[in-house]
file coords13.pdb (PDB, C-alpha atoms)
ATOM      1  CA  MET A   1      99.667 121.317  72.367
ATOM      2  CA  SER A   2      98.434 118.293  74.337
ATOM      3  CA  ALA A   3      99.172 117.710  78.002
ATOM      4  CA  ALA A   4     102.003 115.374  78.880
ATOM      5  CA  ILE A   5     101.011 111.838  79.835
ATOM      6  CA  PRO A   6     101.998 111.192  83.468
ATOM      7  CA  LEU A   7     104.763 108.695  83.987
ATOM      8  CA  VAL A   8     103.921 105.455  85.751
ATOM      9  CA  PRO A   9     105.490 105.697  89.218
ATOM     10  CA  PHE A  10     106.891 102.138  89.132
ATOM     11  CA  PRO A  11     107.043  99.106  86.777
ATOM     12  CA  ILE A  12     103.568  97.562  86.601
ATOM     13  CA  LYS A  13     102.657  93.874  86.466
ATOM     14  CA  LEU A  14      99.336  92.205  85.717
ATOM     15  CA  LEU A  15      98.209  89.406  88.048
ATOM     16  CA  ARG A  16      95.450  87.080  86.870
ATOM     17  CA  ILE A  17      93.606  84.638  89.096
ATOM     18  CA  TYR A  18      91.356  82.091  87.404
ATOM     19  CA  THR A  19      88.314  80.780  89.256
ATOM     20  CA  ASP A  20      84.602  80.333  88.617
ATOM     21  CA  GLU A  21      81.429  81.999  89.776
ATOM     22  CA  ALA A  22      80.226  78.901  91.639
ATOM     23  CA  ALA A  23      83.374  78.745  93.822
ATOM     24  CA  TYR A  24      82.648  79.411  97.486
ATOM     25  CA  PHE A  25      84.784  79.660 100.599
ATOM     26  CA  GLY A  26      82.374  79.093 103.439
ATOM     27  CA  ASP A  27      79.262  81.066 102.527
ATOM     28  CA  ARG A  28      81.065  83.686 100.393
ATOM     29  CA  LYS A  29      82.027  83.692  96.747
ATOM     30  CA  VAL A  30      85.769  83.291  96.221
ATOM     31  CA  PHE A  31      86.088  86.110  93.696
ATOM     32  CA  GLU A  32      84.476  88.562  96.138
ATOM     33  CA  ILE A  33      86.871  87.536  98.906
ATOM     34  CA  VAL A  34      89.845  87.981  96.577
ATOM     35  CA  ALA A  35      88.677  91.447  95.497
ATOM     36  CA  GLU A  36      88.030  92.543  99.096
ATOM     37  CA  ARG A  37      91.417  91.285 100.273
ATOM     38  CA  ALA A  38      93.132  93.062  97.373
ATOM     39  CA  ARG A  39      91.446  96.327  98.292
ATOM     40  CA  ALA A  40      92.405  95.899 101.949
ATOM     41  CA  ALA A  41      96.008  95.162 100.879
ATOM     42  CA  GLY A  42      96.126  98.400  98.903
ATOM     43  CA  VAL A  43      96.459  96.813  95.463
ATOM     44  CA  ALA A  44      96.302  99.590  92.856
ATOM     45  CA  GLY A  45      93.397  98.133  90.875
ATOM     46  CA  VAL A  46      91.196  95.034  90.593
ATOM     47  CA  THR A  47      88.668  93.954  87.967
ATOM     48  CA  VAL A  48      86.630  90.744  87.864
ATOM     49  CA  LEU A  49      85.877  89.540  84.337
ATOM     50  CA  ARG A  50      83.204  86.982  83.430
ATOM     51  CA  ALA A  51      83.949  84.605  80.557
ATOM     52  CA  LEU A  52      81.221  83.292  78.279
ATOM     53  CA  VAL A  53      82.620  79.789  78.524
ATOM     54  CA  GLY A  54      85.753  78.148  79.898
ATOM     55  CA  PHE A  55      87.302  74.967  81.234
ATOM     56  CA  GLY A  56      90.401  73.988  83.144
ATOM     57  CA  HIS A  57      92.227  70.889  84.305
ATOM     58  CA  THR A  58      88.986  68.982  85.020
ATOM     59  CA  SER A  59      87.525  69.665  81.547
ATOM     60  CA  HIS A  60      84.270  70.718  83.249
ATOM     61  CA  MET A  61      82.721  73.340  80.978
ATOM     62  CA  HIS A  62      81.900  76.489  82.950
ATOM     63  CA  ARG A  63      79.057  78.459  81.397
ATOM     64  CA  ARG A  64      75.882  80.307  82.238
ATOM     65  CA  HIS A  65      72.978  77.992  83.033
ATOM     66  CA  LEU A  66      69.296  78.785  83.236
ATOM     67  CA  LEU A  67      69.016  78.364  87.016
ATOM     68  CA  ASP A  68      72.624  78.661  88.176
ATOM     69  CA  ASP A  69      75.656  80.626  87.063
ATOM     70  CA  ASP A  70      78.861  78.638  86.780
ATOM     71  CA  GLN A  71      80.799  80.917  84.465
ATOM     72  CA  ALA A  72      84.572  81.081  84.432
ATOM     73  CA  LEU A  73      85.979  84.236  86.034
ATOM     74  CA  ILE A  74      89.298  86.031  85.856
ATOM     75  CA  VAL A  75      90.320  88.421  88.617
ATOM     76  CA  GLU A  76      92.853  90.906  87.228
ATOM     77  CA  MET A  77      95.062  93.190  89.315
ATOM     78  CA  LEU A  78      97.596  95.861  88.467
ATOM     79  CA  ASP A  79     100.425  96.909  90.775
ATOM     80  CA  ASP A  80     104.148  96.486  91.299
ATOM     81  CA  GLU A  81     105.523  92.953  91.343
ATOM     82  CA  ALA A  82     106.494  92.833  95.013
ATOM     83  CA  LYS A  83     103.043  93.886  96.189
ATOM     84  CA  LEU A  84     101.302  91.368  93.904
ATOM     85  CA  ARG A  85     103.570  88.491  94.956
ATOM     86  CA  ALA A  86     102.979  89.335  98.621
ATOM     87  CA  PHE A  87      99.235  89.505  97.986
ATOM     88  CA  VAL A  88      99.172  86.005  96.451
ATOM     89  CA  GLN A  89     100.607  84.655  99.714
ATOM     90  CA  THR A  90      97.478  85.924 101.517
ATOM     91  CA  LEU A  91      95.305  83.598  99.431
ATOM     92  CA  THR A  92      96.756  80.262 100.583
ATOM     93  CA  ASP A  93      93.677  79.511 102.704
ATOM     94  CA  LEU A  94      91.276  79.812  99.749
ATOM     95  CA  GLU A  95      90.126  76.763  97.842
ATOM     96  CA  HIS A  96      88.852  76.737  94.265
ATOM     97  CA  LEU A  97      91.493  79.022  92.814
ATOM     98  CA  GLY A  98      92.801  78.003  89.432
ATOM     99  CA  PRO A  99      96.079  79.134  87.899
ATOM    100  CA  ILE A 100      97.553  82.431  89.026
ATOM    101  CA  THR A 101      99.707  84.223  86.459
ATOM    102  CA  LEU A 102     101.925  87.296  86.600
ATOM    103  CA  GLU A 103     103.042  89.170  83.517
ATOM    104  CA  ALA A 104     104.635  92.430  82.494
ATOM    105  CA  VAL A 105     102.386  95.002  80.882
ATOM    106  CA  GLU A 106     103.040  98.291  79.149
ATOM    107  CA  VAL A 107     100.931 100.935  80.837
ATOM    108  CA  LEU A 108      99.952 103.761  78.513
ATOM    109  CA  ARG A 109      97.916 105.741  81.038
ATOM    110  CA  TRP A 110      98.072 105.791  84.854
ATOM    111  CA  PRO A 111      95.728 108.106  86.763
ATOM    112  CA  ASP A 112      96.837 110.053  89.804
ATOM    113  CA  ALA A 113      95.915 108.035  92.906
ATOM    114  CA  VAL A 114      94.578 111.055  94.807
ATOM    115  CA  THR A 115      92.645 113.022  92.195
ATOM    116  CA  GLY A 116      92.029 110.363  89.564
ATOM    117  CA  ALA A 117      93.320 112.831  86.981
ATOM    118  CA  VAL A 118      95.508 111.644  84.174
TER     119      VAL A 118
END

call {"tool": "encode", "arguments": {"input": "coords13.pdb", "output": "structure tokens"}}
result
Amino acid sequence: MSAAIPLVPFPIKLLRIYTDEAAYFGDRKVFEIVAERARAAGVAGVTVLRALVGFGHTSHMHRRHLLDDDQALIVEMLDDEAKLRAFVQTLTDLEHLGPITLEAVEVLRWPDAVTGAV
């Protein structure tokens, strides 16, 4: 008999923030600032994904170049809706953020926060 899958402790949402690797705020990369702020805010999980190619409202094609990386990035976060909405409000000072989306997800596995066990 297999072990029971732990129940998710609350309804989970997925937040996506679109930006690019060349986006800076002062002397720091925007995606790094977002990830650090999310960790400090106690967001349950953050992953930064690099796209092979992408463009947005300016139609500028973001891609890897020989001497400089300008690839499109997506910062994904999982947590409850209230925490994610509050977190987005902490980003109002950052420039070079693209669309920010929030969607429901079905979580099939959620590890224990203390032990990491499923």

call {"tool": "residues_around", "arguments": {"input": "coords13.pdb", "residues": "Asp80 (chain A)", "least_positions_apart": "2", "cutoff": "8 Å", "atoms": "all atoms listed in the file", "output": "ChimeraX atom specification"}}
result
/A:10-13,78,82-84

call {"tool": "closest_residue", "arguments": {"input": "coords13.pdb", "among": "A:Leu108, A:Ile33, A:Ala44, A:Leu49", "to": "His96 (chain A)", "atoms": "only C-alpha atoms"}}
result
A:Ile33

call {"tool": "residues_around", "arguments": {"input": "coords13.pdb", "residues": "Phe31 (chain A)", "least_positions_apart": "4", "cutoff": "8 Å", "atoms": "all atoms listed in the file", "output": "PyMOL selection string"}}
result
chain A and resi 19-21+23+35+48+73+75

call {"tool": "atom_distance", "arguments": {"input": "coords13.pdb", "atom1": "CA of Leu102 (chain A)", "atom2": "CA of Gly26 (chain A)"}}
result
27.1 Å

call {"tool": "atom_distance", "arguments": {"input": "coords13.pdb", "atom1": "CA of Ala38 (chain A)", "atom2": "CA of Arg109 (chain A)"}}
result
21.2 Å

call {"tool": "resolve_selection", "arguments": {"input": "coords13.pdb", "expression": "the PyMOL selection byres ((chain A and resi 101) around 10)", "output": "VMD selection string"}}
result
chain A and resid 14 to 18 76 98 to 100 102 to 103

call {"tool": "write_last_selection", "arguments": {"input": "coords13.pdb", "atoms": "C-alpha atoms", "output": "mmCIF file, keeping the file's coordinate frame"}}
result
data_model
loop_
_atom_site.group_PDB
_atom_site.id
_atom_site.type_symbol
_atom_site.label_atom_id
_atom_site.label_comp_id
_atom_site.auth_asym_id
_atom_site.auth_seq_id
_atom_site.Cartn_x
_atom_site.Cartn_y
_atom_site.Cartn_z
ATOM 1 C CA LEU A 14 99.336 92.205 85.717
ATOM 2 C CA LEU A 15 98.209 89.406 88.048
ATOM 3 C CA ARG A 16 95.450 87.080 86.870
ATOM 4 C CA ILE A 17 93.606 84.638 89.096
ATOM 5 C CA TYR A 18 91.356 82.091 87.404
ATOM 6 C CA GLU A 76 92.853 90.906 87.228
ATOM 7 C CA GLY A 98 92.801 78.003 89.432
ATOM 8 C CA PRO A 99 96.079 79.134 87.899
ATOM 9 C CA ILE A 100 97.553 82.431 89.026
ATOM 10 C CA LEU A 102 101.925 87.296 86.600
ATOM 11 C CA GLU A 103 103.042 89.170 83.517
#

call {"tool": "closest_residue", "arguments": {"input": "coords13.pdb", "among": "A:Glu81, A:Val8, A:Trp110, A:Ile74", "to": "Leu97 (chain A)", "atoms": "only C-alpha atoms"}}
result
A:Ile74

call {"tool": "atom_distance", "arguments": {"input": "coords13.pdb", "atom1": "CA of Gly42 (chain A)", "atom2": "CA of Ala22 (chain A)"}}
result
26.2 Å

call {"tool": "closest_residue", "arguments": {"input": "coords13.pdb", "among": "A:Leu91, A:Pro111, A:Val43, A:Glu106", "to": "Asp79 (chain A)", "atoms": "only C-alpha atoms"}}
result
A:Val43

call {"tool": "closest_residue", "arguments": {"input": "coords13.pdb", "among": "A:Val30, A:Val107, A:Val46, A:Ala41", "to": "Thr90 (chain A)", "atoms": "all atoms listed in the file"}}
result
A:Ala41

call {"tool": "build_atoms", "arguments": {"input": "coords13.pdb", "residues": "region 81-94 of chain A", "atoms": "N, CA and C atoms", "output": "PDB file, in the frame of the given file"}}
result
ATOM      1  N   GLU A  81     105.342  94.402  91.183  1.00  0.00           N
ATOM      2  CA  GLU A  81     105.523  92.953  91.343  1.00  0.00           C
ATOM      3  C   GLU A  81     105.603  92.518  92.800  1.00  0.00           C
ATOM      4  N   ALA A  82     106.336  93.234  93.612  1.00  0.00           N
ATOM      5  CA  ALA A  82     106.494  92.833  95.013  1.00  0.00           C
ATOM      6  C   ALA A  82     105.156  92.817  95.739  1.00  0.00           C
ATOM      7  N   LYS A  83     104.337  93.831  95.515  1.00  0.00           N
ATOM      8  CA  LYS A  83     103.043  93.886  96.189  1.00  0.00           C
ATOM      9  C   LYS A  83     102.143  92.747  95.726  1.00  0.00           C
ATOM     10  N   LEU A  84     102.153  92.446  94.421  1.00  0.00           N
ATOM     11  CA  LEU A  84     101.302  91.368  93.904  1.00  0.00           C
ATOM     12  C   LEU A  84     101.757  90.004  94.415  1.00  0.00           C
ATOM     13  N   ARG A  85     103.065  89.774  94.440  1.00  0.00           N
ATOM     14  CA  ARG A  85     103.570  88.491  94.956  1.00  0.00           C
ATOM     15  C   ARG A  85     103.223  88.328  96.436  1.00  0.00           C
ATOM     16  N   ALA A  86     103.342  89.392  97.198  1.00  0.00           N
ATOM     17  CA  ALA A  86     102.979  89.335  98.621  1.00  0.00           C
ATOM     18  C   ALA A  86     101.486  89.082  98.770  1.00  0.00           C
ATOM     19  N   PHE A  87     100.681  89.699  97.920  1.00  0.00           N
ATOM     20  CA  PHE A  87      99.235  89.505  97.986  1.00  0.00           C
ATOM     21  C   PHE A  87      98.859  88.045  97.733  1.00  0.00           C
ATOM     22  N   VAL A  88      99.474  87.411  96.760  1.00  0.00           N
ATOM     23  CA  VAL A  88      99.172  86.005  96.451  1.00  0.00           C
ATOM     24  C   VAL A  88      99.376  85.130  97.679  1.00  0.00           C
ATOM     25  N   GLN A  89     100.358  85.444  98.503  1.00  0.00           N
ATOM     26  CA  GLN A  89     100.607  84.655  99.714  1.00  0.00           C
ATOM     27  C   GLN A  89      99.456  84.755 100.711  1.00  0.00           C
ATOM     28  N   THR A  90      98.620  85.783 100.602  1.00  0.00           N
ATOM     29  CA  THR A  90      97.478  85.924 101.517  1.00  0.00           C
ATOM     30  C   THR A  90      96.288  85.065 101.087  1.00  0.00           C
ATOM     31  N   LEU A  91      96.416  84.389  99.962  1.00  0.00           N
ATOM     32  CA  LEU A  91      95.305  83.598  99.431  1.00  0.00           C
ATOM     33  C   LEU A  91      95.456  82.102  99.685  1.00  0.00           C
ATOM     34  N   THR A  92      96.475  81.688 100.418  1.00  0.00           N
ATOM     35  CA  THR A  92      96.756  80.262 100.583  1.00  0.00           C
ATOM     36  C   THR A  92      95.631  79.501 101.280  1.00  0.00           C
ATOM     37  N   ASP A  93      94.784  80.188 102.023  1.00  0.00           N
ATOM     38  CA  ASP A  93      93.677  79.511 102.704  1.00  0.00           C
ATOM     39  C   ASP A  93      92.474  79.285 101.800  1.00  0.00           C
ATOM     40  N   LEU A  94      92.437  79.918 100.641  1.00  0.00           N
ATOM     41  CA  LEU A  94      91.276  79.812  99.749  1.00  0.00           C
ATOM     42  C   LEU A  94      91.358  78.566  98.875  1.00  0.00           C
TER      43      LEU A  94
END
